[in-house]
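Q: work-v3.cif (mmCIF, C-alpha atoms and all ligand atoms) pasted underneath:
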data_my_file
loop_
_atom_site.label_atom_id
_atom_site.label_comp_id
_atom_site.auth_asym_id
_atom_site.auth_seq_id
_atom_site.Cartn_x
_atom_site.Cartn_y
_atom_site.Cartn_z
CA MET A 1191 -105.72 41.37 -19.36
CA ALA A 1192 -102.46 39.51 -19.61
CA GLU A 1193 -99.54 40.17 -17.28
CA ILE A 1194 -97.33 41.12 -20.24
CA ASP A 1195 -98.66 44.09 -22.21
CA LEU A 1196 -98.84 42.84 -25.79
CA SER A 1197 -100.00 46.15 -27.31
CA GLY A 1198 -97.59 47.29 -29.98
CA LYS A 1199 -95.63 44.04 -29.74
CA LEU A 1200 -94.32 41.95 -32.64
CA ILE A 1201 -94.48 38.18 -32.18
CA ALA A 1202 -92.75 35.98 -34.76
CA LEU A 1203 -93.21 32.26 -35.36
CA GLU A 1204 -90.20 30.51 -36.81
CA GLY A 1205 -89.16 27.00 -37.71
CA LEU A 1206 -88.66 24.57 -40.56
CA ASP A 1207 -91.34 23.97 -43.18
CA PHE A 1208 -94.16 21.66 -42.00
CA THR A 1209 -93.85 22.67 -38.35
CA GLY A 1210 -97.44 23.96 -38.26
CA LYS A 1211 -96.76 27.71 -38.22
CA SER A 1212 -99.59 28.60 -40.60
CA SER A 1213 -102.13 26.71 -38.44
CA LEU A 1214 -100.67 28.10 -35.22
CA ALA A 1215 -100.74 31.78 -36.20
CA PRO A 1216 -104.57 32.11 -36.23
CA ARG A 1217 -104.91 30.08 -33.02
CA ILE A 1218 -102.42 32.23 -31.17
CA ALA A 1219 -104.01 35.38 -32.60
CA ALA A 1220 -107.40 34.20 -31.29
CA ARG A 1221 -105.96 33.70 -27.80
CA ILE A 1222 -104.37 37.16 -27.79
CA ARG A 1223 -107.62 38.69 -29.09
CA ALA A 1224 -109.58 36.96 -26.34
CA ALA A 1225 -107.28 38.71 -23.85
CA GLY A 1226 -108.52 42.06 -25.22
CA TYR A 1227 -105.97 43.02 -27.86
CA THR A 1228 -106.37 43.91 -31.52
CA VAL A 1229 -104.27 41.45 -33.50
CA VAL A 1230 -102.97 41.36 -37.06
CA THR A 1231 -101.61 38.11 -38.53
CA SER A 1232 -99.24 38.12 -41.45
CA ARG A 1233 -96.54 36.08 -43.12
CA GLU A 1234 -93.27 36.20 -45.01
CA PRO A 1235 -92.52 35.91 -47.80
CA GLY A 1236 -95.75 37.73 -48.61
CA GLY A 1237 -98.01 39.93 -46.55
CA THR A 1238 -98.10 42.73 -49.20
CA PRO A 1239 -98.79 42.73 -52.97
CA VAL A 1240 -95.06 43.03 -53.82
CA GLY A 1241 -94.22 40.45 -51.16
CA GLU A 1242 -96.73 37.99 -52.64
CA ARG A 1243 -95.15 38.52 -56.09
CA ALA A 1244 -91.69 37.90 -54.58
CA ARG A 1245 -93.11 34.76 -52.93
CA GLU A 1246 -94.29 33.44 -56.31
CA ILE A 1247 -90.80 33.86 -57.76
CA LEU A 1248 -89.08 32.45 -54.68
CA LEU A 1249 -91.15 29.27 -54.49
CA SER A 1250 -91.54 28.58 -58.21
CA HIS A 1251 -89.77 25.68 -59.90
CA ASP A 1252 -89.18 27.95 -62.93
CA GLN A 1253 -86.48 29.50 -60.75
CA ASP A 1254 -84.50 26.38 -59.89
CA GLY A 1255 -81.29 28.18 -60.91
CA LEU A 1256 -81.91 31.23 -58.70
CA LEU A 1257 -78.65 32.40 -57.11
CA PRO A 1258 -78.57 32.21 -53.29
CA LEU A 1259 -77.79 35.95 -53.22
CA SER A 1260 -80.78 36.73 -55.45
CA GLU A 1261 -82.95 34.55 -53.21
CA LEU A 1262 -81.75 36.47 -50.14
CA LEU A 1263 -82.40 39.84 -51.76
CA LEU A 1264 -85.93 38.82 -52.81
CA PHE A 1265 -86.73 37.76 -49.24
CA MET A 1266 -85.48 41.19 -48.18
CA VAL A 1267 -87.77 42.92 -50.69
CA SER A 1268 -90.69 41.08 -49.14
CA ARG A 1269 -89.47 41.92 -45.61
CA ALA A 1270 -89.00 45.64 -46.32
CA GLU A 1271 -92.51 45.98 -47.78
CA HIS A 1272 -94.03 43.89 -45.01
CA THR A 1273 -92.25 45.70 -42.18
CA HIS A 1274 -92.87 49.24 -43.39
CA LYS A 1275 -96.39 48.81 -44.80
CA VAL A 1276 -97.95 46.28 -42.43
CA ILE A 1277 -95.97 45.70 -39.25
CA ILE A 1278 -94.82 49.19 -38.24
CA PRO A 1279 -98.19 50.91 -38.90
CA ALA A 1280 -100.03 48.20 -36.91
CA LEU A 1281 -97.58 48.37 -34.00
CA GLY A 1282 -97.83 52.17 -34.08
CA ALA A 1283 -101.60 51.86 -33.68
CA GLY A 1284 -101.05 49.73 -30.58
CA GLU A 1285 -101.99 46.47 -32.26
CA THR A 1286 -100.24 43.14 -31.71
CA VAL A 1287 -98.70 41.58 -34.82
CA VAL A 1288 -98.22 37.81 -35.18
CA THR A 1289 -96.04 37.04 -38.18
CA SER A 1290 -95.24 33.64 -39.56
CA ARG A 1291 -91.49 34.04 -40.29
CA TYR A 1292 -89.36 37.18 -39.99
CA ARG A 1293 -85.66 38.02 -39.72
CA LEU A 1294 -84.54 34.68 -38.25
CA SER A 1295 -85.74 32.78 -41.35
CA SER A 1296 -83.14 34.48 -43.53
CA LEU A 1297 -80.34 33.81 -41.04
CA ALA A 1298 -81.35 30.14 -40.74
CA TYR A 1299 -82.19 29.36 -44.39
CA GLN A 1300 -79.94 31.68 -46.42
CA GLY A 1301 -77.19 31.88 -43.76
CA TYR A 1302 -76.85 28.41 -42.25
CA GLY A 1303 -78.70 26.66 -45.10
CA ARG A 1304 -77.18 28.32 -48.17
CA GLY A 1305 -73.92 29.49 -46.62
CA ILE A 1306 -74.32 33.25 -47.06
CA ASP A 1307 -72.34 35.36 -44.61
CA LEU A 1308 -74.42 35.94 -41.45
CA ASP A 1309 -73.15 39.49 -40.97
CA LEU A 1310 -74.31 40.42 -44.47
CA ILE A 1311 -77.76 39.00 -43.65
CA ARG A 1312 -77.86 40.90 -40.35
CA THR A 1313 -76.99 44.13 -42.17
CA LEU A 1314 -79.70 43.53 -44.78
CA ASN A 1315 -82.21 42.54 -42.08
CA ASP A 1316 -81.51 45.83 -40.29
CA ALA A 1317 -81.86 47.79 -43.53
CA ALA A 1318 -85.10 46.04 -44.52
CA THR A 1319 -86.74 46.42 -41.12
CA GLY A 1320 -85.31 49.76 -40.00
CA GLY A 1321 -83.77 47.78 -37.14
CA ARG A 1322 -87.16 46.51 -35.87
CA LYS A 1323 -86.71 43.08 -34.31
CA ALA A 1324 -89.46 40.80 -33.06
CA ASP A 1325 -90.21 41.33 -29.36
CA ILE A 1326 -90.72 37.60 -28.88
CA THR A 1327 -89.90 34.81 -31.33
CA PHE A 1328 -91.21 31.28 -30.88
CA LEU A 1329 -89.05 28.73 -32.62
CA ILE A 1330 -91.23 25.70 -33.32
CA ASP A 1331 -88.59 23.00 -33.22
CA VAL A 1332 -89.18 19.66 -34.92
CA PRO A 1333 -86.46 17.09 -35.76
CA VAL A 1334 -85.68 16.90 -39.48
CA GLU A 1335 -86.78 13.24 -39.85
CA ILE A 1336 -90.27 14.21 -38.64
CA VAL A 1337 -90.38 17.26 -40.92
CA LEU A 1338 -89.40 15.12 -43.90
CA SER A 1339 -91.99 12.47 -43.03
CA ARG A 1340 -94.68 15.19 -43.13
CA ARG A 1341 -93.73 16.25 -46.67
CA GLY A 1342 -96.22 15.42 -49.40
CA ALA A 1343 -95.47 15.05 -53.10
CA ASP A 1344 -96.23 18.63 -54.14
CA LEU A 1345 -93.17 20.51 -52.91
CA ASP A 1346 -92.13 24.08 -53.69
CA ARG A 1347 -88.59 25.12 -54.70
CA ILE A 1348 -87.29 25.41 -51.14
CA GLU A 1349 -89.25 22.49 -49.64
CA GLN A 1350 -87.65 20.10 -52.14
CA GLU A 1351 -84.19 20.62 -50.55
CA GLY A 1352 -82.48 17.54 -49.11
CA ILE A 1353 -81.92 16.36 -45.54
CA GLU A 1354 -78.48 18.02 -45.21
CA PHE A 1355 -79.94 21.43 -46.03
CA TYR A 1356 -82.73 20.98 -43.46
CA GLU A 1357 -80.24 19.78 -40.82
CA ARG A 1358 -78.13 22.91 -41.36
CA VAL A 1359 -81.21 25.14 -41.10
CA ARG A 1360 -82.46 23.42 -37.93
CA SER A 1361 -79.11 23.57 -36.13
CA GLY A 1362 -78.75 27.17 -37.29
CA TYR A 1363 -82.09 28.04 -35.75
CA LEU A 1364 -81.14 26.37 -32.46
CA GLU A 1365 -77.78 28.17 -32.40
CA LEU A 1366 -79.46 31.51 -33.05
CA ALA A 1367 -81.99 30.78 -30.28
CA SER A 1368 -79.28 29.87 -27.76
CA GLY A 1369 -77.63 33.27 -28.19
CA ASP A 1370 -80.81 35.35 -28.08
CA PRO A 1371 -83.04 35.60 -24.99
CA SER A 1372 -85.94 36.93 -27.10
CA VAL A 1373 -86.18 33.54 -28.87
CA GLU A 1374 -88.09 30.76 -27.08
CA VAL A 1375 -87.82 27.19 -28.32
CA ILE A 1376 -91.08 25.24 -28.35
CA ASP A 1377 -91.33 21.46 -28.81
CA GLY A 1378 -93.12 21.23 -32.15
CA THR A 1379 -93.55 17.45 -31.98
CA LEU A 1380 -96.47 17.94 -29.58
CA PRO A 1381 -100.01 18.05 -31.00
CA LEU A 1382 -100.87 21.49 -32.43
CA ASP A 1383 -103.30 22.26 -29.58
CA ARG A 1384 -100.59 21.65 -27.02
CA VAL A 1385 -98.12 23.80 -28.96
CA SER A 1386 -100.54 26.72 -29.14
CA GLU A 1387 -101.44 26.22 -25.45
CA GLU A 1388 -97.76 26.42 -24.53
CA ILE A 1389 -97.26 29.61 -26.54
CA ALA A 1390 -100.37 31.18 -24.99
CA ARG A 1391 -99.06 30.24 -21.55
CA ARG A 1392 -95.72 31.91 -22.23
CA LEU A 1393 -97.56 35.02 -23.45
CA SER A 1394 -99.82 34.91 -20.36
CA VAL A 1395 -102.98 34.95 -22.48
P1 LIG A 1401 -93.57 29.50 -45.67
O1 LIG A 1401 -94.53 30.57 -46.00
O2 LIG A 1401 -93.36 29.21 -44.24
O3 LIG A 1401 -93.93 28.17 -46.42
P2 LIG A 1401 -95.34 27.47 -46.57
O4 LIG A 1401 -96.40 28.53 -46.75
O5 LIG A 1401 -95.13 26.63 -47.80
O6 LIG A 1401 -95.50 26.67 -45.33
O7 LIG A 1401 -92.15 29.91 -46.30
C1 LIG A 1401 -91.83 29.70 -47.61
C2 LIG A 1401 -90.41 29.25 -47.73
O8 LIG A 1401 -89.52 30.36 -47.71
C3 LIG A 1401 -89.94 28.31 -46.63
O9 LIG A 1401 -89.37 27.17 -47.28
C4 LIG A 1401 -88.88 29.07 -45.91
C5 LIG A 1401 -88.39 30.05 -46.92
N1 LIG A 1401 -87.81 31.30 -46.37
C6 LIG A 1401 -86.44 31.53 -46.48
O10 LIG A 1401 -85.70 30.67 -46.98
N2 LIG A 1401 -85.92 32.72 -46.04
C7 LIG A 1401 -86.71 33.71 -45.51
O11 LIG A 1401 -86.21 34.78 -45.13
C8 LIG A 1401 -88.13 33.45 -45.41
C9 LIG A 1401 -89.03 34.50 -44.85
C10 LIG A 1401 -88.63 32.24 -45.85
#
Would you encode the structure as structure tokens?
Ligand code: TYD
A:
Amino acid sequence: MAEIDLSGKLIALEGLDFTGKSSLAPRIAARIRAAGYTVVTSREPGGTPVGERAREILLSHDQDGLLPLSELLLFMVSRAEHTHKVIIPALGAGETVVTSRYRLSSLAYQGYGRGIDLDLIRTLNDAATGGRKADITFLIDVPVEIVLSRRGADLDRIEQEGIEFYERVRSGYLELASGDPSVEVIDGTLPLDRVSEEIARRLSV
């Protein structure tokens, strides 16, 4: 078994789009499983039927005029459903949850990116999650030029944002990480295997 007890622990992966989170989550889950834990992987927005519906609205180009506040509230709908119906029951059963995105995404994207008041987002995050924070967050950090060079042609509503938006989100993430010892910054420019190896090492699995 690992030195850190990961039973009942919530691990969040954070970072800009195209930083490899969706490929990393199953790899990290496999490493934790191999260390003897039961692991659930999930994602936001999504992770529940209502969350997946919110995701469709949030990422659709039909909603190009969506107000930043409406966007924030929809992410919170997804988070409330996800936290109360997936995360908390799994943690209560002693499982380990690996989620791709959680509370930090709203602070980085809607706060630093869209300019919504951070305290409002913190209050909504607390309301949506019943105050449950991630035990460990890995911020997969990749410079914006690299992120943009990985973008294909088929972009969703948020991915189509410009370089200034992404720069604000990235520096927001780094600022949030610097003030929070539960957030560990990982160099996301490394090959995916090395990134997942580094996360496994930090989790002692
Ligand atoms: P994600 O699932 O990581 O994108 P993909 O599956 O396309 O890799 O997230 C979808 C988008 O939602 C992403 O651009 C980040 C954004 N987002 C926010 O802006 N705020 C939030 O609170 C969350 C959870 C995601």
Q: Around ligand LIG 1401 (chain A), at most 6 Å away and counting only C-alpha atoms and all ligand atoms, which residues are there? Put them as a count of residues only, please.
A: 12
Q: Just the number, please: distance in Å from atom CA of Pro1216 of chain A to atom CA of Glu1351 of chain A, one decimal.
A: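 Distance reported for this atom pair: 27.4 Å.
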Q: Skip segment 1249-1262 of chain A itself and residues of its chain fewer than 6 positions away, then list as JSON, numbers by chain all residues within 12 Å of it, counting all atoms listed in the file.
A: {"A": [1234, 1235, 1236, 1242, 1243, 1268, 1269, 1293, 1295, 1296, 1297, 1298, 1299, 1300, 1301, 1302, 1303, 1304, 1305, 1306, 1307, 1308, 1310, 1311, 1312, 1314, 1315, 1318, 1344, 1345, 1346, 1347, 1348, 1349, 1350, 1351]}
Q: So which one's closest to Gly1226 of chain A, A:Glu1357, A:Asp1195, A:Glu1387, A:Glu1246? Using all atoms listed in the file, please.
A: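 Closest to Gly1226 of chain A, using all atoms listed in the file: A:Asp1195.
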Q: What is the distance, in Å and to one decimal place, between atom CA of Ala1215 of chain A and atom CA of Leu1203 of chain A?
A: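 Value for the atom CA of Ala1215 of chain A-atom CA of Leu1203 of chain A distance: 7.6 Å.
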Q: Segment 1337-1362 of chain A near segment 1374-1383 of chain A within 12 Å: what's each residue's closest atom pair and its distance in Å to one decimal, counting all atoms listed in the file, ordered by chain then ascending residue number, as CSV?
A:
residue,atom,partner,partner_atom,distance
A:Val1337,CA,A:Thr1379,CA,9.5
A:Arg1340,CA,A:Thr1379,CA,11.4
A:Arg1360,CA,A:Val1375,CA,11.6
Q: Write the selection just made, keeping C-alpha atoms, as a PDB file, in the frame of the given file?
A:
ATOM      1  CA  VAL A1337     -90.380  17.260 -40.920  1.00  0.00           C
ATOM      2  CA  ARG A1340     -94.680  15.190 -43.130  1.00  0.00           C
ATOM      3  CA  ARG A1360     -82.460  23.420 -37.930  1.00  0.00           C
TER       4      ARG A1360
END
Q: I need the residue nearest Leu1263 of chain A from this list: A:Ile1247, A:Ala1219, A:Leu1196, A:Leu1393. Use only C-alpha atoms for the distance.
A: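 When distances to Leu1263 of chain A are compared using only C-alpha atoms, the smallest one comes from A:Ile1247.
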Q: Find the spatial neighbours of Thr1238 of chain A, counting only C-alpha atoms, within a cut-off of 10 Å - ignore same-chain residues fewer than 5 positions away - and output them as a list in words.
A: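 Skipping anything fewer than 5 positions along the chain leaves Ser1232, Arg1233, Arg1243, Ala1244, Ser1268, Arg1269, Ala1270, Glu1271, His1272, Thr1273, Lys1275 and Val1276 of chain A.
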Q: How far is it from atom CA of Asp1370 of chain A to atom CA of Ser1386 of chain A, in Å with one decimal?
A: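 Computing the Euclidean distance for atom CA of Asp1370 of chain A and atom CA of Ser1386 of chain A yields 21.6 Å.
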Q: Determine the nearest neighbour of Pro1371 of chain A from the options A:Ala1390, A:Ile1330, A:Ala1324, A:Val1240, counting only C-alpha atoms.
A: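 The shortest atom-to-atom distance to Pro1371 of chain A comes from A:Ala1324.
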Q: I'd like to know which of A:Val1332, A:Ala1224, A:Ile1326, A:Val1229 is closest to Ala1202 of chain A, using all atoms listed in the file.
A: A:Ile1326
Q: Please reconstruct the missing atoms of segment 1274-1301 of chain A (target: N, CA and C atoms) and return them as a PDB file, in the frame of the given file.
A:
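The file below, part27.pdb, is the result:
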ATOM      1  N   HIS A1274     -92.516  47.816 -43.347  1.00  0.00           N
ATOM      2  CA  HIS A1274     -92.870  49.240 -43.390  1.00  0.00           C
ATOM      3  C   HIS A1274     -94.340  49.482 -43.676  1.00  0.00           C
ATOM      4  N   LYS A1275     -94.983  48.559 -44.418  1.00  0.00           N
ATOM      5  CA  LYS A1275     -96.390  48.810 -44.800  1.00  0.00           C
ATOM      6  C   LYS A1275     -97.400  48.095 -43.924  1.00  0.00           C
ATOM      7  N   VAL A1276     -96.983  47.028 -43.260  1.00  0.00           N
ATOM      8  CA  VAL A1276     -97.950  46.280 -42.430  1.00  0.00           C
ATOM      9  C   VAL A1276     -97.556  46.332 -40.952  1.00  0.00           C
ATOM     10  N   ILE A1277     -96.335  45.894 -40.663  1.00  0.00           N
ATOM     11  CA  ILE A1277     -95.970  45.700 -39.250  1.00  0.00           C
ATOM     12  C   ILE A1277     -95.867  47.032 -38.495  1.00  0.00           C
ATOM     13  N   ILE A1278     -95.058  47.948 -39.002  1.00  0.00           N
ATOM     14  CA  ILE A1278     -94.820  49.190 -38.240  1.00  0.00           C
ATOM     15  C   ILE A1278     -96.104  50.011 -38.072  1.00  0.00           C
ATOM     16  N   PRO A1279     -96.938  50.168 -39.130  1.00  0.00           N
ATOM     17  CA  PRO A1279     -98.190  50.910 -38.900  1.00  0.00           C
ATOM     18  C   PRO A1279     -99.079  50.227 -37.844  1.00  0.00           C
ATOM     19  N   ALA A1280     -99.177  48.897 -37.888  1.00  0.00           N
ATOM     20  CA  ALA A1280    -100.030  48.200 -36.910  1.00  0.00           C
ATOM     21  C   ALA A1280     -99.479  48.371 -35.500  1.00  0.00           C
ATOM     22  N   LEU A1281     -98.180  48.215 -35.338  1.00  0.00           N
ATOM     23  CA  LEU A1281     -97.580  48.370 -34.000  1.00  0.00           C
ATOM     24  C   LEU A1281     -97.781  49.803 -33.507  1.00  0.00           C
ATOM     25  N   GLY A1282     -97.653  50.746 -34.440  1.00  0.00           N
ATOM     26  CA  GLY A1282     -97.830  52.170 -34.080  1.00  0.00           C
ATOM     27  C   GLY A1282     -99.240  52.465 -33.613  1.00  0.00           C
ATOM     28  N   ALA A1283    -100.197  51.680 -34.100  1.00  0.00           N
ATOM     29  CA  ALA A1283    -101.600  51.860 -33.680  1.00  0.00           C
ATOM     30  C   ALA A1283    -101.902  51.055 -32.418  1.00  0.00           C
ATOM     31  N   GLY A1284    -100.862  50.464 -31.832  1.00  0.00           N
ATOM     32  CA  GLY A1284    -101.050  49.730 -30.580  1.00  0.00           C
ATOM     33  C   GLY A1284    -101.528  48.305 -30.766  1.00  0.00           C
ATOM     34  N   GLU A1285    -101.535  47.837 -32.025  1.00  0.00           N
ATOM     35  CA  GLU A1285    -101.990  46.470 -32.260  1.00  0.00           C
ATOM     36  C   GLU A1285    -100.856  45.465 -31.982  1.00  0.00           C
ATOM     37  N   THR A1286    -101.231  44.201 -31.881  1.00  0.00           N
ATOM     38  CA  THR A1286    -100.240  43.140 -31.710  1.00  0.00           C
ATOM     39  C   THR A1286    -100.115  42.460 -33.069  1.00  0.00           C
ATOM     40  N   VAL A1287     -98.894  42.239 -33.523  1.00  0.00           N
ATOM     41  CA  VAL A1287     -98.700  41.580 -34.820  1.00  0.00           C
ATOM     42  C   VAL A1287     -98.111  40.184 -34.584  1.00  0.00           C
ATOM     43  N   VAL A1288     -98.752  39.188 -35.191  1.00  0.00           N
ATOM     44  CA  VAL A1288     -98.220  37.810 -35.180  1.00  0.00           C
ATOM     45  C   VAL A1288     -97.803  37.504 -36.606  1.00  0.00           C
ATOM     46  N   THR A1289     -96.508  37.354 -36.833  1.00  0.00           N
ATOM     47  CA  THR A1289     -96.040  37.040 -38.180  1.00  0.00           C
ATOM     48  C   THR A1289     -95.461  35.633 -38.248  1.00  0.00           C
ATOM     49  N   SER A1290     -95.837  34.935 -39.309  1.00  0.00           N
ATOM     50  CA  SER A1290     -95.240  33.640 -39.560  1.00  0.00           C
ATOM     51  C   SER A1290     -93.974  33.931 -40.368  1.00  0.00           C
ATOM     52  N   ARG A1291     -92.833  33.756 -39.767  1.00  0.00           N
ATOM     53  CA  ARG A1291     -91.490  34.040 -40.290  1.00  0.00           C
ATOM     54  C   ARG A1291     -91.165  35.538 -40.276  1.00  0.00           C
ATOM     55  N   TYR A1292     -89.888  35.806 -39.967  1.00  0.00           N
ATOM     56  CA  TYR A1292     -89.360  37.180 -39.990  1.00  0.00           C
ATOM     57  C   TYR A1292     -87.849  37.065 -40.152  1.00  0.00           C
ATOM     58  N   ARG A1293     -87.092  37.896 -39.449  1.00  0.00           N
ATOM     59  CA  ARG A1293     -85.660  38.020 -39.720  1.00  0.00           C
ATOM     60  C   ARG A1293     -84.872  36.712 -39.527  1.00  0.00           C
ATOM     61  N   LEU A1294     -85.285  35.909 -38.536  1.00  0.00           N
ATOM     62  CA  LEU A1294     -84.540  34.680 -38.250  1.00  0.00           C
ATOM     63  C   LEU A1294     -84.560  33.703 -39.416  1.00  0.00           C
ATOM     64  N   SER A1295     -85.646  33.713 -40.212  1.00  0.00           N
ATOM     65  CA  SER A1295     -85.740  32.780 -41.350  1.00  0.00           C
ATOM     66  C   SER A1295     -84.582  32.980 -42.306  1.00  0.00           C
ATOM     67  N   SER A1296     -84.217  34.238 -42.570  1.00  0.00           N
ATOM     68  CA  SER A1296     -83.140  34.480 -43.530  1.00  0.00           C
ATOM     69  C   SER A1296     -81.790  34.037 -42.965  1.00  0.00           C
ATOM     70  N   LEU A1297     -81.599  34.254 -41.648  1.00  0.00           N
ATOM     71  CA  LEU A1297     -80.340  33.810 -41.040  1.00  0.00           C
ATOM     72  C   LEU A1297     -80.246  32.292 -41.076  1.00  0.00           C
ATOM     73  N   ALA A1298     -81.368  31.610 -40.778  1.00  0.00           N
ATOM     74  CA  ALA A1298     -81.350  30.140 -40.740  1.00  0.00           C
ATOM     75  C   ALA A1298     -81.257  29.545 -42.149  1.00  0.00           C
ATOM     76  N   TYR A1299     -82.135  29.994 -43.065  1.00  0.00           N
ATOM     77  CA  TYR A1299     -82.190  29.360 -44.390  1.00  0.00           C
ATOM     78  C   TYR A1299     -81.073  29.850 -45.320  1.00  0.00           C
ATOM     79  N   GLN A1300     -80.957  31.187 -45.478  1.00  0.00           N
ATOM     80  CA  GLN A1300     -79.940  31.680 -46.420  1.00  0.00           C
ATOM     81  C   GLN A1300     -78.547  31.686 -45.770  1.00  0.00           C
ATOM     82  N   GLY A1301     -78.477  31.884 -44.452  1.00  0.00           N
ATOM     83  CA  GLY A1301     -77.190  31.880 -43.760  1.00  0.00           C
ATOM     84  C   GLY A1301     -76.692  30.451 -43.538  1.00  0.00           C
TER      85      GLY A1301
END
